[in-house]
file data24.cif (mmCIF, C-alpha atoms)
data_protein
#
loop_
_atom_site.group_PDB
_atom_site.id
_atom_site.type_symbol
_atom_site.label_atom_id
_atom_site.label_comp_id
_atom_site.auth_asym_id
_atom_site.auth_seq_id
_atom_site.Cartn_x
_atom_site.Cartn_y
_atom_site.Cartn_z
ATOM 1 C CA MET A 1 9.264 60.476 100.864
ATOM 2 C CA GLN A 2 11.426 62.511 98.892
ATOM 3 C CA THR A 3 14.602 63.921 100.196
ATOM 4 C CA ASP A 4 16.111 66.938 98.746
ATOM 5 C CA ILE A 5 19.836 66.782 98.672
ATOM 6 C CA ILE A 6 21.240 70.197 98.596
ATOM 7 C CA ARG A 7 24.748 70.422 97.490
ATOM 8 C CA HIS A 8 26.703 73.371 98.602
ATOM 9 C CA ALA A 9 29.311 74.778 96.278
ATOM 10 C CA PRO A 10 32.714 75.210 97.881
ATOM 11 C CA LYS A 11 33.216 78.641 99.295
ATOM 12 C CA LYS A 12 35.525 80.795 97.248
ATOM 13 C CA THR A 13 38.398 82.273 99.198
ATOM 14 C CA THR A 14 40.486 85.241 98.297
ATOM 15 C CA LEU A 15 44.265 85.530 98.509
ATOM 16 C CA MET A 16 44.087 87.691 101.599
ATOM 17 C CA GLN A 17 42.091 85.045 103.421
ATOM 18 C CA THR A 18 44.657 82.295 102.681
ATOM 19 C CA LEU A 19 47.687 84.163 104.061
ATOM 20 C CA PRO A 20 48.529 83.593 107.695
ATOM 21 C CA SER A 21 47.575 86.501 109.863
ATOM 22 C CA ASN A 22 51.132 87.107 111.105
ATOM 23 C CA ARG A 23 52.534 87.558 107.578
ATOM 24 C CA PRO A 24 51.753 90.829 105.863
ATOM 25 C CA ALA A 25 50.769 90.903 102.243
ATOM 26 C CA ALA A 26 53.234 91.955 99.554
ATOM 27 C CA GLY A 27 53.718 95.703 99.202
ATOM 28 C CA SER A 28 52.680 96.394 102.764
ATOM 29 C CA GLY A 29 55.829 98.383 103.709
ATOM 30 C CA ARG A 30 58.257 95.652 104.813
ATOM 31 C CA ALA A 31 60.989 96.550 102.246
ATOM 32 C CA PHE A 32 64.059 98.714 102.923
ATOM 33 C CA SER A 33 63.605 102.382 102.352
ATOM 34 C CA LEU A 34 65.935 104.407 100.147
ATOM 35 C CA VAL A 35 67.389 106.147 103.205
ATOM 36 C CA GLU A 36 68.267 102.802 104.814
ATOM 37 C CA VAL A 37 69.967 101.565 101.645
ATOM 38 C CA LEU A 38 71.953 104.815 101.301
ATOM 39 C CA ALA A 39 73.004 104.608 104.959
ATOM 40 C CA ALA A 40 74.283 101.048 104.458
ATOM 41 C CA ILE A 41 76.214 102.059 101.323
ATOM 42 C CA THR A 42 77.715 105.033 103.175
ATOM 43 C CA ILE A 43 78.869 102.834 106.059
ATOM 44 C CA ILE A 44 80.480 100.369 103.644
ATOM 45 C CA GLY A 45 82.203 103.279 101.882
ATOM 46 C CA ILE A 46 83.598 104.661 105.147
ATOM 47 C CA ILE A 47 84.926 101.259 106.175
ATOM 48 C CA THR A 48 86.573 100.848 102.754
ATOM 49 C CA PHE A 49 88.042 104.356 102.959
ATOM 50 C CA LEU A 50 89.609 103.509 106.317
ATOM 51 C CA ALA A 51 90.839 100.025 105.338
ATOM 52 C CA VAL A 52 92.473 100.635 101.930
ATOM 53 C CA PRO A 53 95.432 102.760 103.168
ATOM 54 C CA ASN A 54 96.221 100.117 105.797
ATOM 55 C CA ILE A 55 96.178 97.371 103.180
ATOM 56 C CA VAL A 56 98.529 99.381 100.952
ATOM 57 C CA GLN A 57 100.906 99.970 103.895
ATOM 58 C CA VAL A 58 100.913 96.275 104.796
ATOM 59 C CA LYS A 59 101.751 95.390 101.182
ATOM 60 C CA HIS A 60 104.620 97.906 101.166
ATOM 61 C CA ASP A 61 105.954 96.592 104.489
ATOM 62 C CA SER A 62 105.829 92.995 103.262
ATOM 63 C CA GLU A 63 107.769 93.929 100.116
ATOM 64 C CA ASP A 64 110.405 95.686 102.276
ATOM 65 C CA ASN A 65 110.680 92.616 104.489
ATOM 66 C CA LEU A 66 111.048 90.343 101.466
ATOM 67 C CA ALA A 67 113.803 92.573 100.051
ATOM 68 C CA ARG A 68 115.632 92.520 103.414
ATOM 69 C CA ALA A 69 115.314 88.739 103.676
ATOM 70 C CA ARG A 70 116.609 88.255 100.143
ATOM 71 C CA ALA A 71 119.570 90.565 100.836
ATOM 72 C CA GLU A 72 120.414 88.613 103.997
ATOM 73 C CA ALA A 73 120.227 85.373 102.005
ATOM 74 C CA LEU A 74 122.673 86.869 99.487
ATOM 75 C CA ASN A 75 125.028 87.853 102.319
ATOM 76 C CA MET A 76 124.902 84.320 103.719
ATOM 77 C CA ALA A 77 125.478 82.865 100.243
ATOM 78 C CA ILE A 78 128.540 85.091 99.768
ATOM 79 C CA ALA A 79 129.930 83.917 103.105
ATOM 80 C CA ALA A 80 129.312 80.275 102.153
ATOM 81 C CA TYR A 81 130.935 80.873 98.757
ATOM 82 C CA VAL A 82 134.079 82.318 100.362
ATOM 83 C CA GLN A 83 134.192 79.512 102.909
ATOM 84 C CA SER A 84 133.848 76.753 100.304
ATOM 85 C CA LEU A 85 136.355 78.134 97.754
ATOM 86 C CA GLY A 86 138.779 79.812 100.101
ATOM 87 C CA THR A 87 139.411 83.527 100.380
ATOM 88 C CA ASN A 88 141.948 83.935 97.538
ATOM 89 C CA ALA A 89 140.063 81.896 94.913
ATOM 90 C CA ALA A 90 136.711 83.447 95.859
ATOM 91 C CA GLN A 91 138.150 86.978 95.730
ATOM 92 C CA SER A 92 139.724 86.478 92.298
ATOM 93 C CA ASN A 93 136.533 84.899 90.867
ATOM 94 C CA TRP A 94 134.471 87.728 92.384
ATOM 95 C CA ALA A 95 136.677 90.420 90.856
ATOM 96 C CA ALA A 96 136.630 88.670 87.471
ATOM 97 C CA ALA A 97 132.813 88.449 87.503
ATOM 98 C CA GLY A 98 132.484 92.194 86.949
ATOM 99 C CA ASN A 99 128.760 93.006 87.244
ATOM 100 C CA ASP A 100 126.151 92.057 89.848
ATOM 101 C CA SER A 101 124.388 89.535 87.605
ATOM 102 C CA ALA A 102 127.615 87.578 87.067
ATOM 103 C CA LYS A 103 128.401 87.735 90.799
ATOM 104 C CA TYR A 104 124.905 86.427 91.567
ATOM 105 C CA LEU A 105 125.552 83.423 89.328
ATOM 106 C CA LEU A 106 128.644 82.628 91.445
ATOM 107 C CA VAL A 107 126.640 82.444 94.696
ATOM 108 C CA ARG A 108 123.303 81.237 93.327
ATOM 109 C CA SER A 109 123.972 77.603 94.198
ATOM 110 C CA TYR A 110 124.354 78.593 97.871
ATOM 111 C CA ILE A 111 120.812 80.032 98.051
ATOM 112 C CA ALA A 112 117.850 77.737 98.616
ATOM 113 C CA PHE A 113 115.083 78.188 96.027
ATOM 114 C CA SER A 114 117.054 80.809 94.092
ATOM 115 C CA GLU A 115 115.869 82.289 90.821
ATOM 116 C CA THR A 116 117.854 82.004 87.607
ATOM 117 C CA ASN A 117 119.028 85.624 87.698
ATOM 118 C CA LEU A 118 119.340 88.528 90.116
ATOM 119 C CA THR A 119 116.482 90.502 88.569
ATOM 120 C CA LEU A 120 113.982 87.699 89.209
ATOM 121 C CA TYR A 121 115.399 87.112 92.715
ATOM 122 C CA THR A 122 114.947 90.758 93.740
ATOM 123 C CA PRO A 123 111.374 91.933 94.560
ATOM 124 C CA SER A 124 109.751 94.099 91.898
ATOM 125 C CA GLY A 125 110.977 97.704 91.974
ATOM 126 C CA TYR A 126 113.880 96.996 94.349
ATOM 127 C CA THR A 127 117.524 96.692 93.377
ATOM 128 C CA ASN A 128 120.335 94.779 95.058
ATOM 129 C CA ALA A 129 123.926 95.914 94.708
ATOM 130 C CA LEU A 130 126.406 93.202 95.611
ATOM 131 C CA PRO A 131 129.662 94.257 97.275
ATOM 132 C CA SER A 132 132.606 94.985 94.989
ATOM 133 C CA ALA A 133 135.010 93.034 97.203
ATOM 134 C CA ILE A 134 134.291 90.044 99.409
ATOM 135 C CA SER A 135 137.496 89.918 101.410
ATOM 136 C CA PRO A 136 137.060 90.779 104.229
ATOM 137 C CA LEU A 137 133.340 90.014 104.559
ATOM 138 C CA THR A 138 132.399 93.347 106.113
ATOM 139 C CA THR A 139 130.469 94.875 103.211
ATOM 140 C CA LYS A 140 126.863 93.787 102.867
ATOM 141 C CA VAL A 141 124.486 93.761 99.924
ATOM 142 C CA THR A 142 122.869 97.179 99.425
ATOM 143 C CA ILE A 143 119.096 97.374 98.863
ATOM 144 C CA THR A 144 117.379 100.274 97.108
ATOM 145 C CA ASP A 145 113.575 100.610 97.217
ATOM 146 C CA PRO A 146 111.405 101.751 94.278
ATOM 147 C CA SER A 147 111.723 105.381 95.460
ATOM 148 C CA GLY A 148 115.524 105.201 95.237
ATOM 149 C CA ASN A 149 116.090 105.150 99.002
ATOM 150 C CA ASN A 150 118.472 102.701 100.661
ATOM 151 C CA VAL A 151 116.655 100.138 102.809
ATOM 152 C CA PRO A 152 118.445 99.599 106.131
ATOM 153 C CA TYR A 153 118.703 96.098 107.515
#
call {"tool": "encode", "arguments": {"input": "data24.cif", "output": "structure tokens"}}
result
Amino acid sequence: MQTDIIRHAPKKTTLMQTLPSNRPAAGSGRAFSLVEVLAAITIIGIITFLAVPNIVQVKHDSEDNLARARAEALNMAIAAYVQSLGTNAAQSNWAAAGNDSAKYLLVRSYIAFSETNLTLYTPSGYTNALPSAISPLTTKVTITDPSGNNVPY
């Protein structure tokens, strides 16, 4: 008895037959269309257009607040300077100092974390004008913003 052994070659499968049925083949329309991409870019542009002016205003407001805080610190330093030296000695030193930079050097040690000069201490674009006389202590430091306007505080 002779038995014929028939060997079957493995069945060849194509790529489409190996993909799961719930996953479409590449190029079957599942990508974003040009209209959808343009709509997304437009929405991002509108959000940016609305947000940028607010960010600029917040930056301006923070610089104003920093200038006000620094001017108040200068006022407190002047008061501490007068209190520690006495009115007469402080007034004569103040008058002898002449310009604002020299006057700043007189009170710099009374300011925590002070810069080495008045220009570095003042926020960029702003100017501080120290009072010409410190007796009596009724005149405050004057702040001018980058536009040349006085900043009230």
call {"tool": "resolve_selection", "arguments": {"input": "data24.cif", "expression": "the PyMOL selection byres ((chain A and resi 93-103) around 9)", "output": "PDB file with C-alpha atoms, keeping the file's coordinate frame"}}
result
ATOM      1  CA  ASN A  88     141.948  83.935  97.538  1.00  0.00           C
ATOM      2  CA  ALA A  89     140.063  81.896  94.913  1.00  0.00           C
ATOM      3  CA  ALA A  90     136.711  83.447  95.859  1.00  0.00           C
ATOM      4  CA  GLN A  91     138.150  86.978  95.730  1.00  0.00           C
ATOM      5  CA  SER A  92     139.724  86.478  92.298  1.00  0.00           C
ATOM      6  CA  TYR A 104     124.905  86.427  91.567  1.00  0.00           C
ATOM      7  CA  LEU A 105     125.552  83.423  89.328  1.00  0.00           C
ATOM      8  CA  LEU A 106     128.644  82.628  91.445  1.00  0.00           C
ATOM      9  CA  VAL A 107     126.640  82.444  94.696  1.00  0.00           C
ATOM     10  CA  ARG A 108     123.303  81.237  93.327  1.00  0.00           C
ATOM     11  CA  ASN A 117     119.028  85.624  87.698  1.00  0.00           C
ATOM     12  CA  LEU A 118     119.340  88.528  90.116  1.00  0.00           C
ATOM     13  CA  THR A 119     116.482  90.502  88.569  1.00  0.00           C
ATOM     14  CA  ASN A 128     120.335  94.779  95.058  1.00  0.00           C
ATOM     15  CA  ALA A 129     123.926  95.914  94.708  1.00  0.00           C
ATOM     16  CA  LEU A 130     126.406  93.202  95.611  1.00  0.00           C
ATOM     17  CA  PRO A 131     129.662  94.257  97.275  1.00  0.00           C
ATOM     18  CA  SER A 132     132.606  94.985  94.989  1.00  0.00           C
ATOM     19  CA  ALA A 133     135.010  93.034  97.203  1.00  0.00           C
ATOM     20  CA  ILE A 134     134.291  90.044  99.409  1.00  0.00           C
TER      21      ILE A 134
END
call {"tool": "resolve_selection", "arguments": {"input": "data24.cif", "expression": "the PyMOL selection byres ((chain A and resi 140) around 8)", "output": "PDB file with C-alpha atoms, in the frame of the given file"}}
result
ATOM      1  CA  ASN A  75     125.028  87.853 102.319  1.00  0.00           C
ATOM      2  CA  LEU A 130     126.406  93.202  95.611  1.00  0.00           C
ATOM      3  CA  PRO A 131     129.662  94.257  97.275  1.00  0.00           C
ATOM      4  CA  LEU A 137     133.340  90.014 104.559  1.00  0.00           C
ATOM      5  CA  THR A 138     132.399  93.347 106.113  1.00  0.00           C
ATOM      6  CA  THR A 139     130.469  94.875 103.211  1.00  0.00           C
ATOM      7  CA  VAL A 141     124.486  93.761  99.924  1.00  0.00           C
ATOM      8  CA  THR A 142     122.869  97.179  99.425  1.00  0.00           C
TER       9      THR A 142
END
call {"tool": "resolve_selection", "arguments": {"input": "data24.cif", "expression": "the PyMOL selection byres ((chain A and resi 63) around 12)", "output": "PyMOL selection string"}}
result
chain A and resi 56-62+64-70+122-126+143-146+151
call {"tool": "atom_distance", "arguments": {"input": "data24.cif", "atom1": "atom CA of A:Ala31", "atom2": "atom CA of A:Phe49"}}
result
28.2 Å
call {"tool": "atom_distance", "arguments": {"input": "data24.cif", "atom1": "atom CA of A:Asn150", "atom2": "atom CA of A:Met76"}}
result
19.7 Å
call {"tool": "atom_distance", "arguments": {"input": "data24.cif", "atom1": "atom CA of A:Tyr121", "atom2": "atom CA of A:Pro53"}}
result
27.4 Å
call {"tool": "closest_residue", "arguments": {"input": "data24.cif", "among": "A:Ala40, A:Leu74, A:Leu85, A:Ala79", "to": "A:Ala112", "atoms": "only C-alpha atoms"}}
result
A:Leu74
call {"tool": "residues_around", "arguments": {"input": "data24.cif", "residues": "A:Ile111", "least_positions_apart": "3", "cutoff": "7 Å", "atoms": "all atoms listed in the file", "output": "compact mmCIF listing (two decimals) with C-alpha atoms, in the coordinates of the input"}}
result
# COMPACT_ATOMS: atom_id res chain seq x y z
CA ALA A 73 120.23 85.37 102.00
CA ALA A 77 125.48 82.86 100.24
CA ARG A 108 123.30 81.24 93.33
CA SER A 114 117.05 80.81 94.09
call {"tool": "closest_residue", "arguments": {"input": "data24.cif", "among": "A:Pro136, A:Ala80, A:Thr116, A:Glu72", "to": "A:Pro152", "atoms": "only C-alpha atoms"}}
result
A:Glu72
call {"tool": "build_atoms", "arguments": {"input": "data24.cif", "residues": "stretch 49-73 of chain A", "atoms": "N, CA and C atoms", "output": "mmCIF file, in the frame of the given file"}}
result
data_model
loop_
_atom_site.group_PDB
_atom_site.id
_atom_site.type_symbol
_atom_site.label_atom_id
_atom_site.label_comp_id
_atom_site.auth_asym_id
_atom_site.auth_seq_id
_atom_site.Cartn_x
_atom_site.Cartn_y
_atom_site.Cartn_z
ATOM 1 N N PHE A 49 87.143 103.196 102.940
ATOM 2 C CA PHE A 49 88.042 104.356 102.959
ATOM 3 C C PHE A 49 89.083 104.219 104.071
ATOM 4 N N LEU A 50 88.683 103.677 105.199
ATOM 5 C CA LEU A 50 89.609 103.509 106.317
ATOM 6 C C LEU A 50 90.521 102.297 106.126
ATOM 7 N N ALA A 51 90.073 101.274 105.452
ATOM 8 C CA ALA A 51 90.839 100.025 105.338
ATOM 9 C C ALA A 51 91.869 100.045 104.219
ATOM 10 N N VAL A 52 91.590 100.696 103.098
ATOM 11 C CA VAL A 52 92.473 100.635 101.930
ATOM 12 C C VAL A 52 93.877 101.162 102.225
ATOM 13 N N PRO A 53 94.057 102.313 102.885
ATOM 14 C CA PRO A 53 95.432 102.760 103.168
ATOM 15 C C PRO A 53 96.204 101.769 104.037
ATOM 16 N N ASN A 54 95.541 101.107 104.963
ATOM 17 C CA ASN A 54 96.221 100.117 105.797
ATOM 18 C C ASN A 54 96.658 98.915 104.966
ATOM 19 N N ILE A 55 95.831 98.505 104.040
ATOM 20 C CA ILE A 55 96.178 97.371 103.180
ATOM 21 C C ILE A 55 97.377 97.721 102.306
ATOM 22 N N VAL A 56 97.408 98.939 101.782
ATOM 23 C CA VAL A 56 98.529 99.381 100.952
ATOM 24 C C VAL A 56 99.811 99.425 101.780
ATOM 25 N N GLN A 57 99.729 99.898 103.022
ATOM 26 C CA GLN A 57 100.906 99.970 103.895
ATOM 27 C C GLN A 57 101.411 98.572 104.239
ATOM 28 N N VAL A 58 100.514 97.652 104.496
ATOM 29 C CA VAL A 58 100.913 96.275 104.796
ATOM 30 C C VAL A 58 101.618 95.653 103.599
ATOM 31 N N LYS A 59 101.115 95.917 102.398
ATOM 32 C CA LYS A 59 101.751 95.390 101.182
ATOM 33 C C LYS A 59 103.154 95.966 101.027
ATOM 34 N N HIS A 60 103.303 97.262 101.263
ATOM 35 C CA HIS A 60 104.620 97.906 101.166
ATOM 36 C C HIS A 60 105.583 97.326 102.199
ATOM 37 N N ASP A 61 105.105 97.153 103.430
ATOM 38 C CA ASP A 61 105.954 96.592 104.489
ATOM 39 C C ASP A 61 106.380 95.166 104.162
ATOM 40 N N SER A 62 105.476 94.378 103.591
ATOM 41 C CA SER A 62 105.829 92.995 103.262
ATOM 42 C C SER A 62 106.866 92.948 102.141
ATOM 43 N N GLU A 63 106.762 93.873 101.181
ATOM 44 C CA GLU A 63 107.769 93.929 100.116
ATOM 45 C C GLU A 63 109.126 94.341 100.674
ATOM 46 N N ASP A 64 109.148 95.302 101.615
ATOM 47 C CA ASP A 64 110.405 95.686 102.276
ATOM 48 C C ASP A 64 111.019 94.503 103.013
ATOM 49 N N ASN A 65 110.177 93.770 103.738
ATOM 50 C CA ASN A 65 110.680 92.616 104.489
ATOM 51 C C ASN A 65 111.217 91.538 103.554
ATOM 52 N N LEU A 66 110.557 91.319 102.433
ATOM 53 C CA LEU A 66 111.048 90.343 101.466
ATOM 54 C C LEU A 66 112.393 90.783 100.897
ATOM 55 N N ALA A 67 112.534 92.062 100.583
ATOM 56 C CA ALA A 67 113.803 92.573 100.051
ATOM 57 C C ALA A 67 114.922 92.409 101.083
ATOM 58 N N ARG A 68 114.628 92.694 102.349
ATOM 59 C CA ARG A 68 115.632 92.520 103.414
ATOM 60 C C ARG A 68 116.031 91.049 103.557
ATOM 61 N N ALA A 69 115.035 90.168 103.542
ATOM 62 C CA ALA A 69 115.314 88.739 103.676
ATOM 63 C C ALA A 69 116.149 88.232 102.508
ATOM 64 N N ARG A 70 115.830 88.684 101.311
ATOM 65 C CA ARG A 70 116.609 88.255 100.143
ATOM 66 C C ARG A 70 118.040 88.787 100.213
ATOM 67 N N ALA A 71 118.216 90.016 100.702
ATOM 68 C CA ALA A 71 119.570 90.565 100.836
ATOM 69 C C ALA A 71 120.362 89.785 101.878
ATOM 70 N N GLU A 72 119.730 89.420 102.972
ATOM 71 C CA GLU A 72 120.414 88.613 103.997
ATOM 72 C C GLU A 72 120.785 87.252 103.436
ATOM 73 N N ALA A 73 119.915 86.660 102.627
ATOM 74 C CA ALA A 73 120.227 85.373 102.005
ATOM 75 C C ALA A 73 121.432 85.514 101.073
#
